[in-house]
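Structure first, then comments.
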Amino acid sequence: ITAFHINRNNSQEMYIGMVGRMMRTQNQGQSWQDIDIINPTSNIAIQGIFTYPPNTDRLYYVAGSILYTSRDRGESWNTKELPSEINEVTQVLVDRQNNDIIYIAAR
């Protein structure tokens with residue numbers, strides 16, 4: 001497991017990320033389902049998984065140098081290339097006033 005996230009609006013819902021794979025539970029880990037993700041190669045680890053607290057249909061993850069965003073809980077994805085100087089994303093925050101503004105913390 002390379003990434004872990006708990007939905008702040010629903011502690012029953014958790015996500016785990018691995019190399020080339022993401023899974024979600026909606027019952028505190030009693031059962032898990034795969035989420036279809038976009039990953040350019042299957043050997044890139046997911047660095048972080050994040051939800052948007054006001055609207056948890058929005059799901060984000062980072063793998064390699066790409067930010068993946070979904071507005072429908074992972075049914076479809078958009079991608080955004082991150083600047084090359086970003087190596088390891090540690091947090092993604094979405095502006096509550098304008099959810100098109102995304103802040104990224106990285107090492």
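Identifiers in this document derive from the order of the structure tokens: chains are assigned A, B, ..., residues are numbered from 1 separately in each chain, and ligands are numbered from 1 in order of occurrence.
Omitting Ile102 of chain A and its sequence neighbours fewer than 3 positions away, and counting only C-alpha atoms, the residues within 9 Å are Val92, Leu93, Val94, Asp95, Asn98 and Asn99 of chain A.
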Write the residues of the preceding selection, restricted to C-alpha atoms, as a CSV table (one decimal), in the first residue's frame.
chain,number,residue,atom,x,y,z
A,92,VAL,CA,-3.8,17.9,-2.3
A,93,LEU,CA,-6.3,20.6,-1.2
A,94,VAL,CA,-9.1,21.9,-3.2
A,95,ASP,CA,-10.3,25.5,-2.7
A,98,ASN,CA,-13.5,27.6,-6.4
A,99,ASN,CA,-13.0,23.9,-6.9
Neighbour list for Arg21 of chain A as a PyMOL selection string, cut-off 10 Å, only C-alpha atoms, skip fewer than 6 positions in-chain:
chain A and resi 1-2+34-39+42-46
Would you output that residue set with C-alpha atoms, as an mmCIF file, in the first residue's frame?
data_model
loop_
_atom_site.group_PDB
_atom_site.id
_atom_site.type_symbol
_atom_site.label_atom_id
_atom_site.label_comp_id
_atom_site.auth_asym_id
_atom_site.auth_seq_id
_atom_site.Cartn_x
_atom_site.Cartn_y
_atom_site.Cartn_z
ATOM 1 C CA ILE A 1 0.000 0.000 0.000
ATOM 2 C CA THR A 2 1.478 3.311 -1.088
ATOM 3 C CA ASP A 34 -11.433 -1.972 -7.400
ATOM 4 C CA ILE A 35 -11.695 1.481 -8.927
ATOM 5 C CA ASP A 36 -10.794 1.710 -12.594
ATOM 6 C CA ILE A 37 -7.925 4.148 -12.796
ATOM 7 C CA ILE A 38 -5.782 5.614 -15.510
ATOM 8 C CA ASN A 39 -2.138 4.813 -14.982
ATOM 9 C CA SER A 42 1.259 -0.491 -14.222
ATOM 10 C CA ASN A 43 4.520 -0.076 -12.284
ATOM 11 C CA ILE A 44 3.887 3.491 -11.030
ATOM 12 C CA ALA A 45 2.791 3.770 -7.406
ATOM 13 C CA ILE A 46 -0.113 5.967 -6.379
#
Identify, on the basis of only C-alpha atoms, every residue whose closest approach to segment 61-66 of chain A does not exceed 8 Å; exclude the query and any residue fewer than 5 positions from it along the same chain; express the result as a count of residues only.
17
Give me, as a PyMOL selection string, all polymer residues having an atom no more than 7 Å from segment 7-18 of chain A, counting only C-alpha atoms and skipping those fewer than 4 positions away in the same chain.
chain A and resi 1-3+22-28+45-46+51+53
Generate a file of the selected residues that holds C-alpha atoms, formatted as a short mmCIF file (atom, residue, chain, number, x, y, z; two decimals), in the first residue's frame.
data_model
loop_
_atom_site.label_atom_id
_atom_site.label_comp_id
_atom_site.auth_asym_id
_atom_site.auth_seq_id
_atom_site.Cartn_x
_atom_site.Cartn_y
_atom_site.Cartn_z
CA ILE A 1 0.00 0.00 0.00
CA THR A 2 1.48 3.31 -1.09
CA ALA A 3 -1.46 5.62 -0.27
CA MET A 22 -6.78 1.71 -6.26
CA MET A 23 -9.49 0.15 -4.07
CA ARG A 24 -12.38 1.54 -2.02
CA THR A 25 -14.36 0.22 0.93
CA GLN A 26 -17.66 1.70 2.04
CA ASN A 27 -17.97 -0.44 5.17
CA GLN A 28 -14.72 0.15 7.07
CA ALA A 45 2.79 3.77 -7.41
CA ILE A 46 -0.11 5.97 -6.38
CA THR A 51 -11.47 13.53 -1.73
CA PRO A 53 -14.93 17.36 1.55
#
If DSSP is run on the backbone, what residues of segment 19-97 of chain A are strand (DSSP E)? A reply as a VMD selection string would be ideal.
chain A and resid 21 to 25 33 to 35 46 to 51 59 to 63 66 to 70 78 to 81 89 to 94
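One distance worth recording is that between atom CA of Thr90 of chain A and atom CA of Ile104 of chain A, which is 7.7 Å.
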Distance in Å - atom CA of Gln33 of chain A versus atom CA of Ala105 of chain A:
28.3 Å
As an exercise, work out the distance from atom CA of Tyr103 of chain A to atom CA of Asn55 of chain A in Å and give it to one decimal place.
16.7 Å
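Among the candidates A:Gln97, A:Asp57, A:Gly20, A:Glu85, the residue lying nearest to Arg73 of chain A is A:Asp57 (atoms considered: only C-alpha atoms).
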